[in-house]
file coords.cif (mmCIF, C-alpha atoms)
data_query
loop_
_atom_site.label_atom_id
_atom_site.label_comp_id
_atom_site.auth_asym_id
_atom_site.auth_seq_id
_atom_site.Cartn_x
_atom_site.Cartn_y
_atom_site.Cartn_z
CA MET A 1017 0.00 0.00 0.00
CA SER A 1018 1.47 3.37 0.94
CA GLN A 1019 4.59 4.18 2.90
CA ALA A 1020 5.00 2.12 6.06
CA ILE A 1021 3.85 3.73 9.28
CA ILE A 1022 4.92 0.78 11.42
CA GLU A 1023 7.92 -1.39 10.72
CA ILE A 1024 8.62 -4.44 12.88
CA ARG A 1025 11.92 -6.23 12.50
CA ASP A 1026 12.94 -9.51 14.13
CA LEU A 1027 10.67 -8.91 17.09
CA SER A 1028 11.07 -11.42 19.91
CA LEU A 1029 9.23 -11.25 23.18
CA GLY A 1030 8.62 -13.67 26.01
CA PHE A 1031 7.40 -14.01 29.56
CA SER A 1032 9.78 -15.74 31.97
CA ARG A 1033 10.84 -18.86 30.09
CA ARG A 1034 8.06 -18.87 27.50
CA ARG A 1035 8.89 -17.27 24.18
CA VAL A 1036 5.70 -15.75 22.75
CA LEU A 1037 6.94 -13.90 19.67
CA ALA A 1038 9.75 -15.35 17.60
CA SER A 1039 11.67 -13.12 15.17
CA LEU A 1040 8.58 -11.58 13.73
CA ASN A 1041 8.55 -9.14 10.81
CA LEU A 1042 5.68 -6.90 9.76
CA SER A 1043 5.24 -3.65 7.89
CA LEU A 1044 1.96 -1.69 7.90
CA GLY A 1045 0.95 1.18 5.64
CA ALA A 1046 -1.42 4.12 6.25
CA GLY A 1047 -5.02 3.15 5.60
CA GLU A 1048 -4.20 -0.53 5.67
CA TRP A 1049 -6.62 -2.84 7.50
CA ALA A 1050 -5.03 -6.02 8.80
CA VAL A 1051 -6.73 -8.75 10.72
CA ILE A 1052 -4.69 -11.11 12.89
CA ALA A 1053 -6.08 -14.55 13.59
CA GLY A 1054 -4.70 -17.65 15.22
CA CYS A 1055 -5.35 -20.15 17.97
CA ASN A 1056 -5.42 -19.16 21.63
CA GLY A 1057 -1.91 -18.50 22.84
CA ALA A 1058 -0.47 -17.91 19.36
CA GLY A 1059 0.85 -14.51 20.42
CA LYS A 1060 -1.75 -12.22 18.82
CA SER A 1061 -2.52 -10.08 21.84
CA THR A 1062 1.14 -9.91 22.82
CA LEU A 1063 2.00 -8.63 19.35
CA LEU A 1064 -0.74 -6.01 19.54
CA ARG A 1065 0.43 -4.85 22.95
CA ALA A 1066 3.99 -4.63 21.69
CA ILE A 1067 2.85 -2.46 18.74
CA ALA A 1068 0.88 -0.31 21.18
CA GLY A 1069 4.06 0.17 23.21
CA VAL A 1070 2.59 -1.48 26.32
CA LEU A 1071 5.16 -4.28 26.18
CA LEU A 1072 8.83 -3.81 25.38
CA PRO A 1073 10.53 -6.27 23.02
CA ASP A 1074 13.33 -8.57 24.22
CA ALA A 1075 14.98 -8.30 20.84
CA GLY A 1076 14.31 -6.62 17.53
CA ALA A 1077 12.75 -3.24 16.85
CA ILE A 1078 9.42 -1.57 16.24
CA THR A 1079 9.80 1.65 14.28
CA ARG A 1080 6.96 4.12 13.99
CA SER A 1081 6.91 6.84 11.35
CA ALA A 1082 6.50 10.49 12.34
CA GLU A 1083 2.76 10.26 11.57
CA VAL A 1084 2.29 7.88 14.49
CA PRO A 1085 3.38 9.51 17.73
CA PRO A 1086 2.35 7.50 20.81
CA GLU A 1087 -0.72 9.69 21.45
CA ARG A 1088 -2.09 8.84 18.02
CA ILE A 1089 -2.10 5.11 18.63
CA GLY A 1090 -5.53 3.98 19.78
CA PHE A 1091 -5.48 0.70 21.68
CA LEU A 1092 -8.63 -1.18 22.59
CA SER A 1093 -8.55 -4.49 24.35
CA ASP A 1094 -10.97 -6.85 26.01
CA ARG A 1095 -9.26 -5.98 29.27
CA LEU A 1096 -10.75 -2.51 29.32
CA SER A 1097 -9.24 -0.41 32.03
CA LEU A 1098 -11.52 2.30 33.36
CA PHE A 1099 -11.91 3.39 36.97
CA GLU A 1100 -15.09 1.76 38.22
CA ASP A 1101 -16.06 4.56 40.62
CA TRP A 1102 -15.74 7.34 38.10
CA THR A 1103 -18.54 8.84 36.09
CA VAL A 1104 -18.38 8.81 32.30
CA GLY A 1105 -17.88 12.59 32.35
CA ARG A 1106 -14.87 12.31 34.62
CA ALA A 1107 -13.33 9.53 32.52
CA VAL A 1108 -13.78 11.66 29.39
CA ASP A 1109 -12.18 14.72 31.03
CA PHE A 1110 -9.28 12.63 32.28
CA HIS A 1111 -8.67 10.95 28.93
CA CYS A 1112 -8.85 14.23 27.03
CA ARG A 1113 -6.37 15.82 29.42
CA VAL A 1114 -3.87 12.94 29.29
CA PHE A 1115 -3.95 12.71 25.51
CA GLN A 1116 -4.39 16.47 25.05
CA VAL A 1117 -7.54 15.98 23.04
CA GLY A 1118 -9.80 18.93 22.37
CA GLU A 1119 -13.10 17.39 21.39
CA PHE A 1120 -14.88 14.25 22.48
CA ASP A 1121 -17.59 12.98 20.15
CA ASP A 1122 -20.37 11.65 22.38
CA ARG A 1123 -22.64 10.60 19.49
CA LEU A 1124 -22.17 6.85 20.02
CA VAL A 1125 -22.48 6.77 23.81
CA LYS A 1126 -25.57 8.98 23.53
CA LEU A 1127 -27.10 6.48 21.09
CA LEU A 1128 -26.86 3.92 23.88
CA GLY A 1129 -28.42 6.25 26.42
CA VAL A 1130 -25.19 6.72 28.36
CA GLY A 1131 -24.73 10.23 29.72
CA PRO A 1132 -21.83 12.02 31.45
CA GLY A 1133 -23.39 11.27 34.85
CA SER A 1134 -23.48 7.47 34.36
CA ARG A 1135 -21.15 5.47 36.60
CA ILE A 1136 -18.59 3.27 34.86
CA ARG A 1137 -19.48 0.34 37.12
CA ASP A 1138 -23.09 0.46 35.95
CA LEU A 1139 -22.20 0.15 32.27
CA SER A 1140 -22.66 -3.10 30.36
CA ALA A 1141 -19.73 -4.68 28.53
CA GLY A 1142 -21.01 -3.26 25.25
CA GLU A 1143 -21.48 0.24 26.67
CA ARG A 1144 -17.95 0.16 28.06
CA ALA A 1145 -16.56 -0.93 24.71
CA ILE A 1146 -18.33 1.93 22.92
CA LEU A 1147 -17.18 4.43 25.57
CA HIS A 1148 -13.64 3.16 25.26
CA LEU A 1149 -13.84 3.34 21.46
CA SER A 1150 -15.15 6.92 21.62
CA LEU A 1151 -12.30 7.88 23.95
CA VAL A 1152 -9.76 6.31 21.62
CA LEU A 1153 -11.29 7.91 18.52
CA ALA A 1154 -11.03 11.32 20.19
CA GLN A 1155 -7.25 10.88 19.88
CA LYS A 1156 -7.76 10.96 16.09
CA PRO A 1157 -5.64 7.82 15.87
CA ALA A 1158 -3.40 7.16 12.90
CA LEU A 1159 -3.26 3.57 14.06
CA LEU A 1160 -6.08 1.68 15.72
CA LEU A 1161 -5.34 -1.57 17.51
CA VAL A 1162 -8.42 -3.57 18.46
CA ASP A 1163 -7.90 -6.73 20.49
CA GLU A 1164 -10.95 -8.99 20.19
CA VAL A 1165 -13.71 -6.77 21.46
CA LEU A 1166 -16.48 -7.65 19.00
CA HIS A 1167 -17.42 -11.00 20.52
CA MET A 1168 -18.79 -9.40 23.67
CA LEU A 1169 -21.01 -6.89 21.90
CA ASP A 1170 -24.65 -7.34 20.93
CA PRO A 1171 -25.47 -7.11 17.20
CA TYR A 1172 -26.58 -3.48 17.36
CA ILE A 1173 -23.51 -2.26 19.24
CA ARG A 1174 -21.28 -4.42 17.05
CA ASP A 1175 -22.61 -2.57 14.02
CA LEU A 1176 -21.99 0.82 15.60
CA PHE A 1177 -18.50 -0.27 16.53
CA VAL A 1178 -17.58 -1.54 13.06
CA GLU A 1179 -19.07 1.55 11.39
CA ALA A 1180 -17.02 3.82 13.65
CA LEU A 1181 -13.86 1.99 12.56
CA ILE A 1182 -14.89 2.36 8.91
CA GLU A 1183 -15.36 6.11 9.46
CA ALA A 1184 -11.87 6.39 10.97
CA VAL A 1185 -10.39 4.79 7.87
CA SER A 1186 -12.54 6.86 5.52
CA ASP A 1187 -11.96 10.20 7.23
CA ARG A 1188 -8.35 9.93 8.28
CA GLN A 1189 -6.79 6.97 6.47
CA ALA A 1190 -6.18 5.36 9.85
CA ALA A 1191 -4.47 1.98 9.75
CA VAL A 1192 -6.39 -0.69 11.63
CA VAL A 1193 -5.18 -3.93 13.14
CA THR A 1194 -7.82 -6.15 14.66
CA VAL A 1195 -7.32 -9.41 16.50
CA ASN A 1196 -10.37 -11.56 15.99
CA HIS A 1197 -11.97 -14.84 16.77
CA THR A 1198 -15.30 -13.85 15.22
CA PHE A 1199 -15.21 -12.66 11.67
CA SER A 1200 -18.60 -12.50 10.05
CA GLU A 1201 -19.05 -8.76 10.69
CA ILE A 1202 -15.64 -7.79 9.44
CA GLU A 1203 -14.93 -10.31 6.72
CA ARG A 1204 -15.04 -7.74 3.91
CA LEU A 1205 -12.99 -5.12 5.71
CA PRO A 1206 -9.38 -6.25 5.91
CA ASP A 1207 -7.06 -5.91 2.97
CA ARG A 1208 -4.62 -8.15 4.71
CA VAL A 1209 -5.00 -11.36 6.69
CA LEU A 1210 -2.31 -12.60 9.04
CA VAL A 1211 -2.53 -15.95 10.75
CA MET A 1212 -0.23 -16.60 13.69
CA ALA A 1213 0.98 -19.86 15.17
CA ASP A 1214 3.68 -20.21 17.82
CA GLY A 1215 4.69 -16.57 17.74
CA ARG A 1216 5.13 -16.16 14.00
CA PHE A 1217 3.04 -15.62 10.90
CA ILE A 1218 2.09 -18.72 8.95
CA VAL A 1219 -0.12 -16.79 6.52
CA ASP A 1220 0.14 -13.24 5.19
CA GLY A 1221 -2.04 -12.40 2.22
CA THR A 1222 -4.99 -10.46 0.86
CA PRO A 1223 -8.47 -11.95 1.28
CA GLU A 1224 -8.63 -12.40 -2.51
CA GLU A 1225 -5.39 -14.37 -2.52
CA LEU A 1226 -6.60 -16.57 0.31
CA ARG A 1227 -10.01 -17.15 -1.29
CA GLY A 1228 -8.14 -18.27 -4.41
CA LEU A 1229 -5.73 -20.51 -2.50
CA MET A 1230 -8.09 -22.31 -0.10
CA LYS A 1231 -11.04 -24.45 -1.25
CA LYS A 1232 -13.23 -26.97 0.47
CA ILE A 1233 -14.29 -30.46 -0.54
CA VAL A 1234 -17.08 -32.26 1.27
CA GLY A 1235 -17.53 -35.96 0.65
CA ARG A 1236 -17.43 -39.52 1.89
CA GLU A 1237 -14.46 -40.63 -0.19
CA PRO A 1238 -10.86 -40.12 0.91
CA LEU A 1239 -8.94 -37.50 -1.03
CA PRO A 1240 -6.95 -38.70 -4.03
CA GLY A 1241 -3.18 -38.22 -3.92
CA GLY A 1242 -1.76 -34.96 -5.19
CA VAL A 1243 -4.45 -32.80 -3.61
CA PRO A 1244 -2.81 -30.85 -0.77
CA CYS A 1245 -4.99 -30.93 2.34
CA PHE A 1246 -4.14 -28.38 5.04
CA PHE A 1247 -6.86 -29.40 7.45
CA ARG A 1248 -9.53 -32.07 7.62
CA LYS A 1249 -12.59 -32.55 9.74
CA ALA A 1250 -13.11 -36.27 9.47
CA GLU A 1251 -15.16 -37.28 12.50
CA GLY A 1252 -18.45 -38.04 10.76
CA GLU A 1253 -19.41 -39.93 7.65
CA TYR A 1254 -18.97 -36.80 5.56
CA LYS A 1255 -15.46 -35.42 5.69
CA GLU A 1256 -14.51 -31.81 5.14
CA TYR A 1257 -11.20 -31.27 3.41
CA PHE A 1258 -9.60 -27.84 3.22
CA ILE A 1259 -7.36 -27.71 0.20
CA TYR A 1260 -4.34 -25.42 0.40
CA PRO A 1261 -2.51 -24.34 -1.67
CA PHE A 1262 -5.09 -24.76 -4.42
CA HIS A 1263 -4.34 -24.27 -8.13
CA GLU A 1264 -6.99 -23.91 -10.82
CA GLU A 1265 -5.43 -26.83 -12.76
CA MET A 1266 -6.63 -29.15 -10.01
CA ARG A 1267 -10.16 -28.71 -11.32
CA THR A 1268 -9.18 -30.37 -14.59
CA GLN A 1269 -6.92 -32.97 -12.99
CA HIS A 1270 -9.51 -34.21 -10.49
CA ALA A 1271 -13.25 -34.72 -10.76
CA LEU A 1272 -13.85 -33.05 -7.40
CA ASP A 1273 -16.14 -30.24 -6.36
CA PHE A 1274 -13.72 -27.57 -5.11
CA GLN A 1275 -15.98 -25.15 -3.25
CA ASP A 1276 -15.32 -21.44 -2.78
CA ILE A 1277 -15.40 -20.48 0.89
CA ALA A 1278 -15.62 -17.18 2.72
CA LEU A 1279 -12.90 -15.67 4.89
CA PRO A 1280 -14.25 -16.82 8.30
CA GLU A 1281 -14.14 -20.44 7.20
CA ILE A 1282 -10.72 -20.02 5.59
CA ILE A 1283 -9.34 -18.66 8.83
CA LYS A 1284 -10.99 -21.44 10.81
CA ALA A 1285 -9.23 -23.96 8.61
CA PHE A 1286 -5.85 -22.29 9.13
CA VAL A 1287 -6.35 -22.23 12.88
CA GLY A 1288 -7.59 -25.84 12.92
CA GLY A 1289 -4.66 -26.91 10.76
CA GLY A 1290 -2.33 -25.30 13.29
CA TYR A 1291 -3.78 -27.49 16.04
CA GLU A 1292 -3.44 -30.57 13.82
CA GLN A 1293 0.25 -29.88 13.23
CA LYS A 1294 0.75 -29.33 16.95
CA ARG A 1295 -0.82 -32.73 17.69
CA MET A 1296 1.41 -34.44 15.15
CA ALA A 1297 4.59 -32.72 16.34
CA MET B 262 -30.61 0.55 -4.20
CA ASN B 263 -29.81 -3.12 -3.96
CA LEU B 264 -26.10 -3.84 -4.04
CA THR B 265 -24.98 -7.32 -3.14
CA ILE B 266 -21.48 -8.58 -2.46
CA ASP B 267 -20.72 -12.31 -2.37
CA ALA B 268 -18.37 -13.06 0.49
CA LYS B 269 -17.36 -16.42 -0.99
CA SER B 270 -16.55 -15.19 -4.46
CA PRO B 271 -12.88 -15.29 -5.43
CA LEU B 272 -13.64 -12.16 -7.48
CA PRO B 273 -11.99 -9.20 -5.68
CA VAL B 274 -14.51 -7.18 -3.69
CA TYR B 275 -13.81 -3.93 -5.55
CA GLN B 276 -14.70 -5.67 -8.82
CA GLN B 277 -17.91 -6.90 -7.25
CA VAL B 278 -18.71 -3.31 -6.27
CA ILE B 279 -18.08 -2.19 -9.86
CA GLN B 280 -20.39 -4.94 -11.15
CA ALA B 281 -23.10 -4.17 -8.61
CA ILE B 282 -23.13 -0.46 -9.44
CA LYS B 283 -23.11 -1.10 -13.19
CA LEU B 284 -26.05 -3.43 -12.71
CA GLU B 285 -27.83 -0.74 -10.71
CA ILE B 286 -27.17 1.77 -13.51
CA LEU B 287 -28.25 -0.54 -16.31
CA SER B 288 -31.42 -1.63 -14.50
CA GLY B 289 -32.38 1.99 -13.89
CA GLY B 290 -31.91 2.01 -10.13
CA LEU B 291 -29.29 4.70 -10.59
CA ARG B 292 -30.06 7.23 -13.32
CA ASP B 293 -27.95 9.61 -15.34
CA GLY B 294 -26.86 12.48 -13.12
CA ASP B 295 -27.71 10.78 -9.82
CA PRO B 296 -25.01 11.23 -7.18
CA LEU B 297 -23.21 8.02 -6.28
CA PRO B 298 -23.37 7.26 -2.56
CA SER B 299 -20.40 8.79 -0.75
CA ILE B 300 -17.49 6.41 -0.20
CA ARG B 301 -18.01 6.66 3.54
CA ASP B 302 -21.73 5.86 3.33
CA LEU B 303 -21.37 2.94 0.96
CA ALA B 304 -18.51 1.49 3.04
CA LYS B 305 -20.68 1.66 6.16
CA LEU B 306 -23.74 0.30 4.38
CA LEU B 307 -21.99 -2.74 2.90
CA LYS B 308 -19.39 -3.09 5.69
CA LEU B 309 -16.60 -2.61 3.21
CA ASN B 310 -13.21 -1.06 3.52
CA PRO B 311 -13.49 2.58 2.30
CA ASN B 312 -10.36 2.03 0.22
CA THR B 313 -12.11 -0.82 -1.60
CA VAL B 314 -15.04 1.44 -2.43
CA ALA B 315 -12.67 4.21 -3.54
CA LYS B 316 -10.86 1.79 -5.84
CA ALA B 317 -14.18 0.76 -7.41
CA TYR B 318 -15.20 4.39 -7.87
CA TYR B 319 -11.94 5.25 -9.64
CA ALA B 320 -12.46 2.34 -11.99
CA LEU B 321 -16.07 3.34 -12.68
CA GLU B 322 -14.96 6.85 -13.53
CA ALA B 323 -12.16 5.58 -15.75
CA GLU B 324 -14.70 3.44 -17.61
CA GLY B 325 -17.00 6.41 -18.09
CA PHE B 326 -19.79 5.34 -15.71
CA SER B 327 -19.40 8.31 -13.44
CA GLU B 328 -18.13 11.81 -13.48
CA GLY B 329 -16.40 13.59 -10.64
CA ARG B 330 -16.15 17.28 -10.05
CA SER B 331 -13.60 18.40 -7.54
CA GLY B 332 -15.17 19.16 -4.22
CA SER B 333 -18.45 17.39 -4.90
CA ARG B 334 -19.71 13.84 -5.14
CA SER B 335 -19.34 11.74 -8.27
CA ARG B 336 -22.41 11.53 -10.46
CA VAL B 337 -23.66 8.65 -12.53
CA LYS B 338 -23.09 8.84 -16.24
CA VAL B 339 -24.88 6.40 -18.46
CA PRO B 340 -22.49 5.78 -21.32
CA PRO B 341 -24.39 6.74 -24.49
CA GLY B 342 -24.74 3.94 -27.02
CA ARG B 343 -23.06 1.33 -24.83
CA GLN B 344 -26.03 0.57 -22.65
CA ASP B 345 -27.49 -2.17 -24.84
CA ALA B 346 -24.17 -3.92 -25.36
CA LEU B 347 -23.51 -3.87 -21.62
CA ARG B 348 -26.93 -5.21 -20.72
CA ARG B 349 -26.46 -7.96 -23.25
CA ALA B 350 -23.04 -8.81 -21.81
CA MET B 351 -24.51 -9.06 -18.32
CA LEU B 352 -27.34 -11.30 -19.46
CA GLU B 353 -24.81 -13.46 -21.25
CA SER B 354 -22.61 -13.83 -18.21
CA GLU B 355 -25.62 -14.76 -16.01
CA PHE B 356 -26.77 -17.24 -18.64
CA ARG B 357 -23.34 -18.84 -18.90
CA SER B 358 -23.29 -19.56 -15.19
CA PHE B 359 -26.84 -20.97 -15.41
CA LEU B 360 -25.83 -23.12 -18.36
CA GLY B 361 -22.82 -24.41 -16.45
CA LYS B 362 -25.14 -25.55 -13.64
CA ALA B 363 -27.56 -27.18 -16.10
CA VAL B 364 -24.73 -29.12 -17.74
CA SER B 365 -23.42 -30.27 -14.36
CA LEU B 366 -26.93 -31.63 -13.66
CA GLY B 367 -26.64 -33.66 -16.86
CA PHE B 368 -28.94 -31.65 -19.14
CA SER B 369 -28.21 -31.17 -22.81
CA ARG B 370 -28.46 -27.92 -24.78
CA ASP B 371 -31.69 -29.19 -26.28
CA ASP B 372 -33.16 -29.75 -22.83
CA VAL B 373 -32.32 -26.17 -21.91
CA ARG B 374 -33.73 -24.83 -25.19
CA GLN B 375 -36.99 -26.73 -24.65
CA LEU B 376 -37.20 -25.54 -21.08
CA ILE B 377 -36.84 -21.88 -22.13
CA GLU B 378 -39.55 -22.30 -24.76
CA ARG B 379 -41.89 -24.00 -22.33
CA ILE B 380 -41.44 -21.38 -19.60
CA SER B 381 -41.78 -18.39 -21.92
CA GLN B 382 -45.07 -19.56 -23.37
#
call {"tool": "encode", "arguments": {"input": "coords.cif", "output": "C-alpha cells"}}
result
Amino acid sequence: MSQAIIEIRDLSLGFSRRRVLASLNLSLGAGEWAVIAGCNGAGKSTLLRAIAGVLLPDAGAITRSAEVPPERIGFLSDRLSLFEDWTVGRAVDFHCRVFQVGEFDDRLVKLLGVGPGSRIRDLSAGERAILHLSLVLAQKPALLLVDEVLHMLDPYIRDLFVEALIEAVSDRQAAVVTVNHTFSEIERLPDRVLVMADGRFIVDGTPEELRGLMKKIVGREPLPGGVPCFFRKAEGEYKEYFIYPFHEEMRTQHALDFQDIALPEIIKAFVGGGYEQKRMA
Amino acid sequence: MNLTIDAKSPLPVYQQVIQAIKLEILSGGLRDGDPLPSIRDLAKLLKLNPNTVAKAYYALEAEGFSEGRSGSRSRVKVPPGRQDALRRAMLESEFRSFLGKAVSLGFSRDDVRQLIERISQ
C-alpha cells in the first residue's frame, strides 16, 4: 500500500521462560486494515500490545513513522481499564487531558443512552466498549489496535463499533489492526489477513489471494493423492477437506467439487490446521 | 438501491462493487446524473473497507460510468450507445453460469432450449 507507518523487524518477546513472539517481521501502511487470527496463545494479543508500546521487546525493533506519535495510537482491548467509581464525564475529562484531546464525540455513547453522569461500574460490557472506542477515537488515531472486542457486543452495538472503525479509515486513512476470533461482521474489511501460530506468521495475504488458495471439498471418499490438504474434519461420515494451496489446474486434474469459501471459514481452517500440526509434532 | 457482495466469491470485492453499481445503472436504479453514494456511506452500508469502495469508484470513472467534479460527489453517467451492449453482456454472463449448472446436472443444450420455450409460453 502506501509508505510504512509501522515497521517491525525480528521482534522477539517472552514471559519468563516462555517465548511468545519469535523473530517476527511486519510492515503496515497508512489506511491498511489487517486482521490477525490464530489459535489461543499464538501470540496475537502480545503482538498487539507490543505495537501499542505497552510491552517492550526482548529483541528486535518496532519503528513508527513520524505520523504515528504515541498519542495517536488507539489501543482497545478486552481488558478494558476504566476506573469503576468514576462517572463517564470524569473519565472523558481525564482521557482528554492525558492525551491532550480537544473534542470528544459523544454521538455513540448517547445512542446507547449513556450520559456524562453514568457510573462506569453500571455500564454493560457493550457500553464500556463503545465508551472506550469513543475515547480512543477522540485521539484521532493514525493507528487503531483492536484486540478482540467484537465478541462481547450485541449485534446493534457491534454494528456501531464496526461503522465507527470504517469512518476512521474513511476520514483519516487510519491503519487498523484487529485481532479476531469472530469474523462475520468484518470479513469484507481487511485488505490483509495474518494468521499466527507459535509466535510467528504462517499466513500473510490479501483476502482475494486466500479465497483463491483455499477451497473446500465435502464428501465420503478419501482425497486422491496430489491434492494438498491443510486441514480435515473427518469425525463423521462426511469429511470436510480444506485444500491449500489450491491451483486452478486441479479442477481439470480431479473430478472433485472444489468449493469457494468465505474468509471466516478459511481462517478457521488455518487455525484448525495449526492445532493438527501441533498434535502431530 | 440493492447492491450485493458475495463473500465467498474469489472475485476481488472492488470488482464486485463495480459490477453491482453497473447493474444498478443498467437496471435503472441509478439514473444519469444521480449522485453516487459517498465512499463513507457505501462502506458503512456494505461493511466494506473505504479504500475498496474508492478503488471501485476510480475504476467506474475511468470506464465512463461516473463523473467527478472536484469538491463534490461523483455523479452517474450512463455511457451513451453502450447501454445495450452492456446489458447484453450481463445477461450473457448470467446465462453462462446458469448453463454451467444445467450441464453439471446432466442436461443437454436441447433440454435447456426446450425448457426456455416452455417457460416463456
call {"tool": "resolve_selection", "arguments": {"input": "coords.cif", "expression": "the PyMOL selection byres ((chain B) within 6 of (chain A))", "output": "PDB file with C-alpha atoms, keeping the file's coordinate frame"}}
result
ATOM      1  CA  ALA B 268     -18.370 -13.060   0.490  1.00  0.00           C
ATOM      2  CA  LYS B 269     -17.360 -16.420  -0.990  1.00  0.00           C
ATOM      3  CA  PRO B 271     -12.880 -15.290  -5.430  1.00  0.00           C
ATOM      4  CA  PRO B 273     -11.990  -9.200  -5.680  1.00  0.00           C
ATOM      5  CA  ARG B 301     -18.010   6.660   3.540  1.00  0.00           C
ATOM      6  CA  LYS B 305     -20.680   1.660   6.160  1.00  0.00           C
ATOM      7  CA  LEU B 309     -16.600  -2.610   3.210  1.00  0.00           C
ATOM      8  CA  ASN B 310     -13.210  -1.060   3.520  1.00  0.00           C
ATOM      9  CA  PRO B 311     -13.490   2.580   2.300  1.00  0.00           C
TER      10      PRO B 311
END
call {"tool": "closest_residue", "arguments": {"input": "coords.cif", "among": "B:Asn263, B:Ser270, B:Ser369, B:Gln276", "to": "B:Leu291", "atoms": "all atoms listed in the file"}}
result
B:Asn263
call {"tool": "closest_residue", "arguments": {"input": "coords.cif", "among": "A:Glu1023, A:Asp1138, A:Glu1256, A:Glu1143", "to": "A:Leu1124", "atoms": "only C-alpha atoms"}}
result
A:Glu1143
call {"tool": "residues_around", "arguments": {"input": "coords.cif", "residues": "stretch 1157-1164 of chain A", "least_positions_apart": "3", "cutoff": "10 Å", "atoms": "all atoms listed in the file", "output": "PyMOL selection string"}}
result
chain A and resi 1021-1022+1044-1053+1060-1062+1064-1065+1067-1068+1083-1095+1149+1152-1154+1167-1168+1181+1184-1185+1188-1198
call {"tool": "residues_around", "arguments": {"input": "coords.cif", "residues": "B:Gln277", "least_positions_apart": "5", "cutoff": "8 Å", "atoms": "all atoms listed in the file", "output": "VMD selection string"}}
result
chain B and resid 266 to 267 272
call {"tool": "closest_residue", "arguments": {"input": "coords.cif", "among": "A:Phe1247, A:Val1104, A:Arg1080, A:Lys1156", "to": "A:Val1117", "atoms": "only C-alpha atoms"}}
result
A:Lys1156
call {"tool": "closest_residue", "arguments": {"input": "coords.cif", "among": "A:Leu1151, A:Ala1058, A:Leu1029, A:Val1130", "to": "A:Val1114", "atoms": "all atoms listed in the file"}}
result
A:Leu1151
call {"tool": "atom_distance", "arguments": {"input": "coords.cif", "atom1": "atom CA of A:Ile1146", "atom2": "atom CA of A:Phe1120"}}
result
12.8 Å
call {"tool": "residues_around", "arguments": {"input": "coords.cif", "residues": "B:Pro296", "least_positions_apart": "4", "cutoff": "7 Å", "atoms": "only C-alpha atoms", "output": "list in words"}}
result
Arg334, Ser335, Arg336 and Val337 of chain B
call {"tool": "atom_distance", "arguments": {"input": "coords.cif", "atom1": "atom CA of A:Asn1041", "atom2": "atom CA of A:Ser1097"}}
result
29.0 Å
call {"tool": "residues_around", "arguments": {"input": "coords.cif", "residues": "stretch 338-347 of chain B", "least_positions_apart": "4", "cutoff": "12 Å", "atoms": "only C-alpha atoms", "output": "PyMOL selection string"}}
result
chain B and resi 280+282-297+321-329+351-354
call {"tool": "closest_residue", "arguments": {"input": "coords.cif", "among": "B:Ala315, B:Lys308, B:Met262, B:Leu360", "to": "A:Phe1177", "atoms": "only C-alpha atoms"}}
result
B:Lys308
call {"tool": "atom_distance", "arguments": {"input": "coords.cif", "atom1": "atom CA of A:Asp1122", "atom2": "atom CA of B:Ala304"}}
result
21.9 Å
call {"tool": "decode", "arguments": {"input": "coords.cif", "residues": "stretch 318-331 of chain B", "atoms": "N, CA and C atoms", "output": "CSV table (one decimal), in the first residue's frame"}}
result
chain,number,residue,atom,x,y,z
B,318,TYR,N,-14.7,3.1,-7.3
B,318,TYR,CA,-15.2,4.4,-7.9
B,318,TYR,C,-14.2,4.9,-8.9
B,319,TYR,N,-12.9,4.8,-8.6
B,319,TYR,CA,-11.9,5.3,-9.6
B,319,TYR,C,-12.1,4.5,-10.9
B,320,ALA,N,-12.3,3.2,-10.8
B,320,ALA,CA,-12.5,2.3,-12.0
B,320,ALA,C,-13.7,2.7,-12.8
B,321,LEU,N,-14.8,3.0,-12.0
B,321,LEU,CA,-16.1,3.3,-12.7
B,321,LEU,C,-15.9,4.7,-13.5
B,322,GLU,N,-15.2,5.6,-12.9
B,322,GLU,CA,-15.0,6.9,-13.5
B,322,GLU,C,-14.1,6.7,-14.8
B,323,ALA,N,-13.1,5.8,-14.6
B,323,ALA,CA,-12.2,5.6,-15.7
B,323,ALA,C,-12.9,4.9,-16.9
B,324,GLU,N,-13.9,4.1,-16.6
B,324,GLU,CA,-14.7,3.4,-17.6
B,324,GLU,C,-15.8,4.3,-18.1
B,325,GLY,N,-16.0,5.5,-17.6
B,325,GLY,CA,-17.0,6.4,-18.1
B,325,GLY,C,-18.4,6.2,-17.5
B,326,PHE,N,-18.5,5.5,-16.4
B,326,PHE,CA,-19.8,5.3,-15.7
B,326,PHE,C,-20.1,6.4,-14.7
B,327,SER,N,-19.1,7.2,-14.4
B,327,SER,CA,-19.4,8.3,-13.4
B,327,SER,C,-18.5,9.5,-13.8
B,328,GLU,N,-18.8,10.6,-13.2
B,328,GLU,CA,-18.1,11.8,-13.5
B,328,GLU,C,-17.9,12.5,-12.2
B,329,GLY,N,-16.7,12.9,-11.9
B,329,GLY,CA,-16.4,13.6,-10.6
B,329,GLY,C,-16.1,15.0,-10.9
B,330,ARG,N,-16.6,15.9,-10.0
B,330,ARG,CA,-16.1,17.3,-10.1
B,330,ARG,C,-15.4,17.5,-8.7
B,331,SER,N,-14.4,18.3,-8.8
B,331,SER,CA,-13.6,18.4,-7.5
B,331,SER,C,-14.5,19.1,-6.5
